[in-house]
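K.L.:
Dumping the structure here so I can ask a few things about it.
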Amino acid sequence: MSAIPSDSAPARREAEGWIKLRRLLANWQGMTGLVLVLLFFASAIFAPLVATHDPFALDIPARLSGPTLEHWAGTDQLGRDTYSRVIYGGRVALQVAAIGISVSLVFGLLLGMLAGFGPRWLDNFLLLLFDVVRSFPTIVMALAAVALLGPSLNLVLAIVIVTTIPGYARLVRTATLALKNTEFILAERALGVGTARILWRHVTPNVIGPMFILAAMDVPVVVTVEAGLSFLGLGVLPPTASWGSILNEGYLLIRETPWPVVAAGVPLVLTTLGFTFLGEALRDIFDPRLGKGR
Amino acid sequence: MMDAPRPDHQLGDNLVEIRDLSVTFETGRGPVRALRNVNLDVPRGRILGIVGESGSGKSTVIWAMLRLLAENGAVTGGRIDFNGRDLLQLDADALRAFRGAQAGVVFQDPMTSQIPVKSYLQQFLDIAYRQKASRAEKIAHAIAMMRRVGIPDPEQRIAQFPHQFSGGMRQRTGIAMALLMHPDLVIADEPTTALDVTMEAQVIHLLRELQREFQTTMMIVSHNLGLVAELCDEIVVMYAGEVVERGDIQSVFANPSHPYTRALIDCDPARVLERTRILPTIPGELPNLRHPPRACVFVDRCPHAFARCREEKPRLNKADEGHVAACHLLDGVRPVMHAAAPAPAQDEVVPAIAGDVAPLVAVRNLAVSFQVRGPVAALLNPGLKTSIDILVDVSLDLKPGETLGLVGESGSGKTTLGRAMLGLVKAQAGSVTFKGRELIGLGEGELRPLRQNMAMMFQDPIGSLSPRQTVKSLILEPFDVHRPASGNRDALAVRLADMVNLPRDLLARYPHQLSGGQARRVGVARALALEPDLIIADEPTAGLDVSVQGDVLNLMRRLQTEHGLTYLIISHNLPVVRHISDRLAIMYLGRIIEMGDATAIFARPAHPYTRALVDGIPRPDPTQRRRLVSIEGEVPSIARRPQGCEFNARCPHATDLCRAEMPAQQTLGDGRMVRCHYPLID
């Protein structure tokens, strides 16, 4: 920092952060959400350590087995270890969620601020664009894109990004519009501050908080979109494991063994619940409009 | 705790008796003990005023009474007896029967306290649900009540919604709602704070009349000593969650016995009749209520504090018949009390402003209008106007080094004028020259370098600071924008903070962690950072406590002499502006209707509207209550400007000429400009 005596304020700010964290942990939803989300991240990042088998290794004698000591969640029709495949499938889900959400956050922020702060015609044009994109059913758009370009993980990512940008952009646009006429933005203009600086230093910090909360609640949506596309065979290519492709294979084998469907379905449900709980708890804590008295 | 010796009331003549009331708010950083052992009585049939600055706990008292404390607040001790029944013991049903029926509330801001999607008829019926009467009778009763508070055509208007009423009418209707069930007690929380001066006088008058008529008991909570002096019979002064003085209004104002009360009265700018340039203030800050002081709460700011004040909590000592104050000075020997704040220093020599100096800023025939309908709507309804005129033909000069006070009620266009002069609002016609250079028509790029020389202070001290920036980066921002790489940033920040008396350790804080007065200092530092020639200050004292107002104005005054600044000070608060302005300009509906020397205007207003404004100031002196409402009616909507003189409907001197023809601008003998057919002076 600086030579200026400044002991109290950062300490106070840190204390405020701790208070919010403690409130998050005291909230059962927040606590459950946090634990599930951490599990999801840990299992995906440390997949080689957590998995018991190579996800592609065939164990033909044990094919289509139920849960055993050797194969905790059973095996599929090729004798691959379902548990290990589910763990590795989490990597695909995390990759799509992390890259997809962060890229669309950046684009949503830029486009939203442009629409909110820019001239009226630009606002109208961008809004029209957002609404057009939002009006496409995701799956149908994906089907069309795959028909043209062939299935791939990158395509899944691209579809996720394109379809989630409008949501963020609209949120940012509304928040920017509300800020545009506040006294402090007017005060910055009266000081001769340029538009870029106003947007970067004075608008962004004030709109980014709600966006992170929305993003946390969007992660499960993205994960299920990836799983859905992979289930339909439009996402990751075999033999790569994804929760959606495991579900798809398990669906074909459901008369022989229910275990692949169960093993891929449970993490999907838990991840969805975890991010939703976490997002709602964060919103309760950080959104000043909720939960306060007079 | 120690019980205070109370004035000898007979049992039962108090409608409300509050005993040892303590309220604590749980916050993230520990409990705040907002009220501590508060004792007060509300005598039946009288008007009690509770006065205090922000943080005094005056509103907490009434919310505790109504059992409507915020969720994190709890009563930790004491009792609140209403008609002999402890309100703190009531269950939900009994509370519901109490609120509205036995105690009615008038809120500060009727815009937010009335339901926007329900008609007034529905809102009145919702209050009258417990009345055993037919619907027609209830409606008739509500209409009668609306007529009583002065709503014209109540039969028609009762079906309307809050947004169709003007601010003053909304507050009148709010009073009608509070009185609808003929409650024993009416509680009013800052009932006039959201209103203009002329409306404030009307509401004070109305409340007094209604109290007499209905024999109601009233509790008025306000920071405005003038309002309390005009309206109340008894007064309770609160400071930092404790009652420091209470008693009969005449006795307390004639003989304020607690140093805080004394200082508060001294600080009220409306009390100081002569024009001084340095206003009295109360140095220091409110104690931290997480760790309330054990001894006297006011000791750190008290000019008379002695050893005992730091050791022992003062009891409520008798100052006079029915008048007590929590001060050791009243216990035992009674020393002479001096004026609390240091007496204002002698007015320094005001630099004489020669008459023929070229003006720093010249505004000529400035007009601003806002578009309210698009071109398509205009085509469809050719009769409707597509825009409303906010400013009409405004001309004024600002000479270097002078202070011009721009005064008007809400909707007069004073803020728009300030913003239009800086190019923040687009002007449709006219010219603004700054040092001879035309500003109207310049693009933002051309204006930017000029903005170093013209700064603006905005109305909301905290809301005009970017919330996620530290104080340090906020006060350095002017340099970052206009003079990047201007040397040692830390030293610069410290120099600016020192210049406005901002404690250096606040530099690392964020705006929401500052008090109003501190945030205002940051605003002043930002405005002054680049040493501009002109500062336009929009309501520089709005939202500040009386004791801090004087501080900010004195600071602005000092900086003016040090830096040779020119000020345009925009305010609705005439007493405040009067003390710092060389000249005044009074605005009404977007026109300047009177402009001239501040002292002369105050002594002898030429325009009837100016006179109404001057007379409308509630004075903190209960011996000089006004008998008459100075002016009737409200500011008309600028969308429907009246024919002729725009003030004619409210003017006591209006003639047919006023109703037919707009008066031209004329210059009076003392060089004053006025826009009136019949100016009150020659």
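Every chain in the structure tokens has a letter given in the order shown (A, B, ...), and although residue numbers restart at 1 in each chain, ligands are simply numbered from 1 in the order shown.
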Dump as a PyMOL selection string the residues of chain B that approach chain A to within 9 Å, counting only C-alpha atoms.

P.N.:
chain B and resi 28-29+68-72+419+422-424+444-445+447-452+454-460+462-469+477-478+481-482+490-491+493-494+504-510+513+526-527

K.L.:
Please provide as a PyMOL selection string all residues within 7 Å of segment 77-93 of chain B, with the sequence filter that same-chain residues fewer than 4 positions apart are discarded (counting only C-alpha atoms).

P.N.:
chain B and resi 15-22+65+97

K.L.:
Show me, as a ChimeraX atom specification, the residues that have an atom within 10 Å of Arg147 of chain B when counting only C-alpha atoms, minus same-chain residues fewer than 6 positions from it.

P.N.:
/B:141,153-155,172-173,176

K.L.:
Contacts of Leu110 of chain A at 12 Å or less, counting only C-alpha atoms, minus same-chain residues fewer than 5 places along, as a ChimeraX atom specification?

P.N.:
/A:103-105,115-118,126,165-166,168-173,176,196,199-200,203-204,207-208

K.L.:
Which residues, written as a PyMOL selection string, have at least one atom at most 9 Å from Ile47 of chain B, with only C-alpha atoms counted and residues fewer than 6 positions away on the same chain left out?

P.N.:
chain B and resi 208+211+216-220+231-235

K.L.:
Could you name the residues that touch segment 85-87 of chain A at 9 Å or less, counting only C-alpha atoms, but leaving out those on the same chain fewer than 4 positions away, as a PDB file with N, CA and C atoms, in the first residue's frame?

P.N.:
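File written: result22.pdb
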```pdb
ATOM      1  N   SER A  43     -12.902 -33.533  -7.691  1.00  0.00           N
ATOM      2  CA  SER A  43     -12.909 -34.817  -8.398  1.00  0.00           C
ATOM      3  C   SER A  43     -12.494 -34.622  -9.852  1.00  0.00           C
ATOM      4  N   ALA A  44     -12.863 -33.483 -10.444  1.00  0.00           N
ATOM      5  CA  ALA A  44     -12.498 -33.265 -11.841  1.00  0.00           C
ATOM      6  C   ALA A  44     -11.007 -32.957 -11.966  1.00  0.00           C
ATOM      7  N   ALA A  47      -8.792 -36.008 -11.084  1.00  0.00           N
ATOM      8  CA  ALA A  47      -9.374 -37.238 -11.627  1.00  0.00           C
ATOM      9  C   ALA A  47      -8.376 -38.395 -11.671  1.00  0.00           C
ATOM     10  N   PRO A  48      -7.138 -38.212 -12.140  1.00  0.00           N
ATOM     11  CA  PRO A  48      -6.203 -39.357 -12.211  1.00  0.00           C
ATOM     12  C   PRO A  48      -5.946 -39.967 -10.848  1.00  0.00           C
ATOM     13  N   VAL A  50      -8.160 -39.808  -8.224  1.00  0.00           N
ATOM     14  CA  VAL A  50      -9.405 -40.291  -7.635  1.00  0.00           C
ATOM     15  C   VAL A  50      -9.888 -41.554  -8.344  1.00  0.00           C
ATOM     16  N   ALA A  51      -9.671 -41.619  -9.651  1.00  0.00           N
ATOM     17  CA  ALA A  51     -10.182 -42.758 -10.421  1.00  0.00           C
ATOM     18  C   ALA A  51      -9.397 -44.014 -10.062  1.00  0.00           C
ATOM     19  N   HIS A  53      -9.384 -46.785 -12.172  1.00  0.00           N
ATOM     20  CA  HIS A  53      -8.955 -47.444 -13.414  1.00  0.00           C
ATOM     21  C   HIS A  53      -8.712 -46.401 -14.482  1.00  0.00           C
ATOM     22  N   ASP A  54      -8.056 -46.847 -15.548  1.00  0.00           N
ATOM     23  CA  ASP A  54      -7.992 -46.056 -16.764  1.00  0.00           C
ATOM     24  C   ASP A  54      -9.402 -46.063 -17.364  1.00  0.00           C
ATOM     25  N   PRO A  55      -9.966 -44.907 -17.698  1.00  0.00           N
ATOM     26  CA  PRO A  55     -11.370 -44.900 -18.166  1.00  0.00           C
ATOM     27  C   PRO A  55     -11.561 -45.659 -19.470  1.00  0.00           C
ATOM     28  N   PHE A  56     -10.462 -45.923 -20.204  1.00  0.00           N
ATOM     29  CA  PHE A  56     -10.612 -46.601 -21.501  1.00  0.00           C
ATOM     30  C   PHE A  56     -10.226 -48.076 -21.416  1.00  0.00           C
ATOM     31  N   ARG A  80     -15.550 -51.402 -19.274  1.00  0.00           N
ATOM     32  CA  ARG A  80     -14.844 -50.237 -18.760  1.00  0.00           C
ATOM     33  C   ARG A  80     -15.415 -49.879 -17.390  1.00  0.00           C
ATOM     34  N   ASP A  81     -14.563 -49.369 -16.499  1.00  0.00           N
ATOM     35  CA  ASP A  81     -14.977 -49.063 -15.126  1.00  0.00           C
ATOM     36  C   ASP A  81     -15.859 -47.818 -15.107  1.00  0.00           C
ATOM     37  N   ARG A  91     -14.573 -34.010 -15.783  1.00  0.00           N
ATOM     38  CA  ARG A  91     -13.620 -33.066 -16.377  1.00  0.00           C
ATOM     39  C   ARG A  91     -14.238 -32.354 -17.573  1.00  0.00           C
ATOM     40  N   THR A 240     -14.312 -40.800 -25.477  1.00  0.00           N
ATOM     41  CA  THR A 240     -14.273 -39.860 -24.361  1.00  0.00           C
ATOM     42  C   THR A 240     -15.525 -40.017 -23.511  1.00  0.00           C
ATOM     43  N   ALA A 241     -15.311 -40.016 -22.199  1.00  0.00           N
ATOM     44  CA  ALA A 241     -16.447 -40.174 -21.305  1.00  0.00           C
ATOM     45  C   ALA A 241     -17.010 -38.819 -20.925  1.00  0.00           C
ATOM     46  N   SER A 242     -18.315 -38.719 -20.976  1.00  0.00           N
ATOM     47  CA  SER A 242     -18.993 -37.526 -20.443  1.00  0.00           C
ATOM     48  C   SER A 242     -20.235 -38.056 -19.768  1.00  0.00           C
ATOM     49  N   TRP A 243     -20.741 -37.298 -18.804  1.00  0.00           N
ATOM     50  CA  TRP A 243     -21.921 -37.803 -18.097  1.00  0.00           C
ATOM     51  C   TRP A 243     -23.053 -38.078 -19.063  1.00  0.00           C
ATOM     52  N   ILE A 246     -22.259 -41.339 -21.022  1.00  0.00           N
ATOM     53  CA  ILE A 246     -22.433 -42.518 -20.154  1.00  0.00           C
ATOM     54  C   ILE A 246     -23.921 -42.802 -19.976  1.00  0.00           C
ATOM     55  N   PRO A 260     -24.863 -47.967 -14.905  1.00  0.00           N
ATOM     56  CA  PRO A 260     -24.293 -46.778 -15.586  1.00  0.00           C
ATOM     57  C   PRO A 260     -25.209 -45.564 -15.490  1.00  0.00           C
ATOM     58  N   ALA A 263     -24.954 -44.223 -11.961  1.00  0.00           N
ATOM     59  CA  ALA A 263     -23.645 -43.643 -11.678  1.00  0.00           C
ATOM     60  C   ALA A 263     -23.459 -42.300 -12.382  1.00  0.00           C
ATOM     61  N   ALA A 264     -24.005 -42.100 -13.575  1.00  0.00           N
ATOM     62  CA  ALA A 264     -23.848 -40.825 -14.270  1.00  0.00           C
ATOM     63  C   ALA A 264     -24.922 -39.836 -13.849  1.00  0.00           C
ATOM     64  N   PRO A 267     -24.064 -37.805 -10.023  1.00  0.00           N
ATOM     65  CA  PRO A 267     -23.231 -36.592 -10.003  1.00  0.00           C
ATOM     66  C   PRO A 267     -23.892 -35.426 -10.717  1.00  0.00           C
TER      67      PRO A 267
END
```

K.L.:
Taking 2 positions as the minimum chain separation for residues in the same chain, which residues sit within 8 Å of segment 298-306 of chain B when counting only C-alpha atoms? Answer as a PyMOL selection string.

P.N.:
chain B and resi 239+259-260+282-285+295-296+308-310+340-341

K.L.:
May I ask for the distance between atom CA of Ala319 of chain B and atom CA of Arg262 of chain B, given in Å to one decimal place?

P.N.:
13.3 Å

K.L.:
What is the atom CA of Pro622 of chain B-atom CA of Cys651 of chain B distance in Å, reported with one decimal?

P.N.:
27.4 Å

K.L.:
Rounded to one decimal in Å, what is the spacing between atom CA of Gly408 of chain B and atom CA of Ser571 of chain B?

P.N.:
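Atom CA of Ser571 of chain B lies at a distance of 7.0 Å from atom CA of Gly408 of chain B.
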